[in-house]
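Input: a single structure, listed below in structure tokens.
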Amino acid sequence: MTNHWIDFKNADVILIMGANPAENHPVSFRWIMKAKDAGAKIICVDPRFTRSAAKADLYAPLRSGTDIAFLGGMINHILRNKLYFDDYVKNYTNAAYLVNGEFRMPGELNGLFSGYDPKKRSYNPKAWEFQKDADDKVLKDPTLQHPACVFQLLKKHYSRYTPELVSRITGTPQEKLVEVYQLYASTGRPDRAGTSLYAMGWTQHTVGTQNIRAMSIIQLLLGNMGVAGGGINALRGESNVQGSTDHGLLFHILPGYLPVPSADLGSLAAYNEKHTPKTKDPASANWWGNRPKYIASYLKAIYGAKATRENDFGYPWLPKLDPGMNCSWLMIFDNMIRGKFKGFLAWGQNPACSGANSNKVRKALAKLDWMVTVNLFDNETASFWKGPGMEPAKVATEVFFLPAAASFEKEGSLSNSGRWAQWRYAAVKPLGASKPDAEIINELFFKLKALYAKEGGALPEQLVNLTWNYGFKRADGTSKSVDIHAVAREINGSYLEDVEDKPKLKPGETPPPAPPPWAPKKLLGKKGELADGFAKLQADGSTSCGNWIYCQSYNEKGNLMARRAKKDPTGLGLFPEWSWAWPVNRRIIYNRASVDLDGKPFNLKKAVVYWNPTAVLPDGKVGKWEGDVPDGPWPPMSNAKEGRKPFIMRSDGVGALFGPGLKDGPFPEHYEPLECPVPENLMSKQLVNPAVKIFADAGLPEDAYATCDVRFPYVGTTYRVTEHWQTGVMTRNTPWLLELQPRQFCEMSVELAKEKGIKNGDTVEVASVRGAIEAVAVVTPRMKPFRVGDRTVHEIGLPWCFGWSTPGVGDAANLLTPTVGDANTMIPETKAFMVGIKRKG
């Protein structure tokens, strides 16, 4: 989230789209209702009339997979009616940038942007570059009138997204579209704020990244970024998804969102050269320009004294990807089914149930020599070998089950959706032989280290050179257990040497005279102390930090994540002394975008930060920011010499209406899901996202897909229920929760049920080209048919929390979903696919 859970209460309009917080994030709904009690309006856009919709002031249905058409129509409405926040757009976005004159858009190229290579199914992003002058600075038109400027291109691109056409694509009635657009666009005034709440209903599509990009454009146009009650807010589906991502869970990032190195970058200098953005704009903070400090400090944290300047701080030991290598979820199981893996660790996951195209996943597991599963309970993955369609005698995979402790049986931190890292203590001891994850990892590390010492192996330095100072070392060099506080301190980082406060010189600036040798050194940090902020990390090996964005979380003042003070001086619900939020306890990211060029808040009643020009600092300087921790100490932008633009993580310092960094286009464009109910895209001649990987091209029968197939005429989607969590491994083993929601069901409209002769409570078979499951029919007016183009389209819904290992509940909804993912992230498309349905018996 750019904001946080409590901040929902500050919104004037809340758009719930791609999420269902009333059922899936029920505690958060408290803050939504507080906003409503204060006069806010709630909009819910969803294929189903959910419990969130029941509390909304305005509900609009839409067909799954058509969010960009819906949001593109809102962008068109805002621009056509001049409802955007003019000063914000001009000062804090790239609206004025000029794009190269050869750039063409889908309206001109039959659904494609410039630079597309149909043989590679990919774009050359150079076709989307900005115009630059002789000094390599981007050319701009501050009036926003030049036909090649981003603002005019945005208007041109989305002028095609008329209410009439959007309605024909999405199935949303025109009057509902206009009503939603008018209400949400009302937040384009300085004294109002709108927030967007989304979850997997937006991300799990072949255009998932662009769904969020479309909403980001809306928020930038309306000035809703950086403000109280605004932002783009992902509702994470698990209490530590944010934390796990922060700490490098995904294949392409190290902790702190540092890129994983590729094998063609043979030195740390080469890595830094490629991954450190540069800018010639003196008003840009370009914070990622500090990446060399963060990667060096990370290497020192994991390799300690063995990481020296002479060996590139251990950079050669870091595991590296081949150039262009994709190790995302779908690719793992695609390679596994082709026999390219010998072993697999399924740690805290149940891919035989949660994975898209679960039949393919289960067959892939049978190709392994061995699998280790770490979990609380037996599940569909651990026992895949005896599941439906399997012949145990023919499965050679050796399975090891390691029992793990539950969250309340271990101590440590969780980082929630709002980036708040909160420390939790163990309530009870782990049950039986189960262990906390850290203890299992600790034992595994020392066993592997001993095996390398005894038997050797490929690249042992990657593992044997790791520091492991997380507990008392016995005579043999191993640790019996892990002090989780030691882990937290390593993540925070420390000063390995005295770090001097040296003056920062600008190019060509003369350094001040050197102080006399007897003068005391002015230090940023003292050797041996915990670091108190990432601004003090160094690239020379004098600091360590396991994750730069968590630097400050556990410092000489103590464990800030464990704080529980309830002070709220701003009254906005920031609670700066409750836990700790990354970065540097900032509760709302890009908060200097909430003020004008002089530092005056756009909304005085809900000021996140403001510039106090008379405040005297300890060093005698005058002027500072009050309120939330600002995204940088610089004075307001009206100070031409020292001011900095607010979007500090971007090299140009402004929000991107035009985003040339994505793989499928600089503007979001509507494409149909891989499986869809229509033979053509009503927006253009390009049916599906042209940059997605089509697995079926490789010829595996498991990767089949079906569009406009008479056997599978209905749109299917998946979702969660309140009573079960994720695939249900924990909740299906909790009898009272299983009693509340006892088995797989299929929601369908009254109209579809009548057409198919299905009654409420009937057992039905739902099938796709990949598999079939049984479910209980739930015939409900919560789902309605859609009018799409000139045809009626029905949609059905299934929860994805059930699996065969619990007797009598049915099997996984993901047996139906396809192997295809988003063009940028490869997240699977499980929210829109095609199925058939029939009554059984």
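Chains: A, B, ... in order of the structure tokens. Residues: from 1 per chain. Ligands: from 1, in order shown.
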Distance table requested - stretch 323-419 of chain A against stretch 561-573 of chain A, cut-off 10 Å, only C-alpha atoms: one row per qualifying residue with the closest atom pair and its distance in Å to one decimal, ordered by chain and rising residue number, as CSV.
residue,atom,partner,partner_atom,distance
A:Gly412,CA,A:Met561,CA,9.6
A:Ser413,CA,A:Met561,CA,7.4
A:Leu414,CA,A:Met561,CA,9.1
A:Ser415,CA,A:Met561,CA,9.5
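Omitting A:Ala405 and its sequence neighbours fewer than 5 positions away, and counting only C-alpha atoms, the residues within 6 Å are A:Pro430, A:Ser434, A:Lys435, A:Pro436.
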Mind writing the picked residues with N, CA, C and O atoms as a PDB file, in the first residue's frame?
ATOM      1  N   PRO A 430       5.605 -24.603  20.362  1.00  0.00           N
ATOM      2  CA  PRO A 430       5.196 -25.429  19.219  1.00  0.00           C
ATOM      3  C   PRO A 430       4.725 -26.815  19.667  1.00  0.00           C
ATOM      4  O   PRO A 430       5.234 -27.386  20.620  1.00  0.00           O
ATOM      5  N   SER A 434       6.982 -30.225  15.936  1.00  0.00           N
ATOM      6  CA  SER A 434       6.989 -29.097  15.005  1.00  0.00           C
ATOM      7  C   SER A 434       7.970 -28.027  15.477  1.00  0.00           C
ATOM      8  O   SER A 434       8.229 -27.880  16.668  1.00  0.00           O
ATOM      9  N   LYS A 435       8.513 -27.286  14.520  1.00  0.00           N
ATOM     10  CA  LYS A 435       9.495 -26.257  14.823  1.00  0.00           C
ATOM     11  C   LYS A 435       9.170 -24.971  14.066  1.00  0.00           C
ATOM     12  O   LYS A 435       8.595 -25.008  12.973  1.00  0.00           O
ATOM     13  N   PRO A 436       9.583 -23.807  14.624  1.00  0.00           N
ATOM     14  CA  PRO A 436       9.484 -22.569  13.848  1.00  0.00           C
ATOM     15  C   PRO A 436      10.337 -22.670  12.579  1.00  0.00           C
ATOM     16  O   PRO A 436      11.352 -23.374  12.552  1.00  0.00           O
TER      17      PRO A 436
END
Margin query: If you run DSSP on the backbone here, which positions in stretch 192-365 of chain A get alpha helix (DSSP H)? Please write them as a ChimeraX atom specification.
Written below: /A:200-203,208-222,241-246,268-275,291-303,329-337,351-354,358-365
Next item on the list: Using only C-alpha atoms, pick whichever of A:Leu318, A:Leu496, A:Ile253, A:Ala148 has the shortest atom-to-atom distance to A:Leu265.
Entry: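 Of the candidates, the smallest distance to A:Leu265 is held by A:Leu318.
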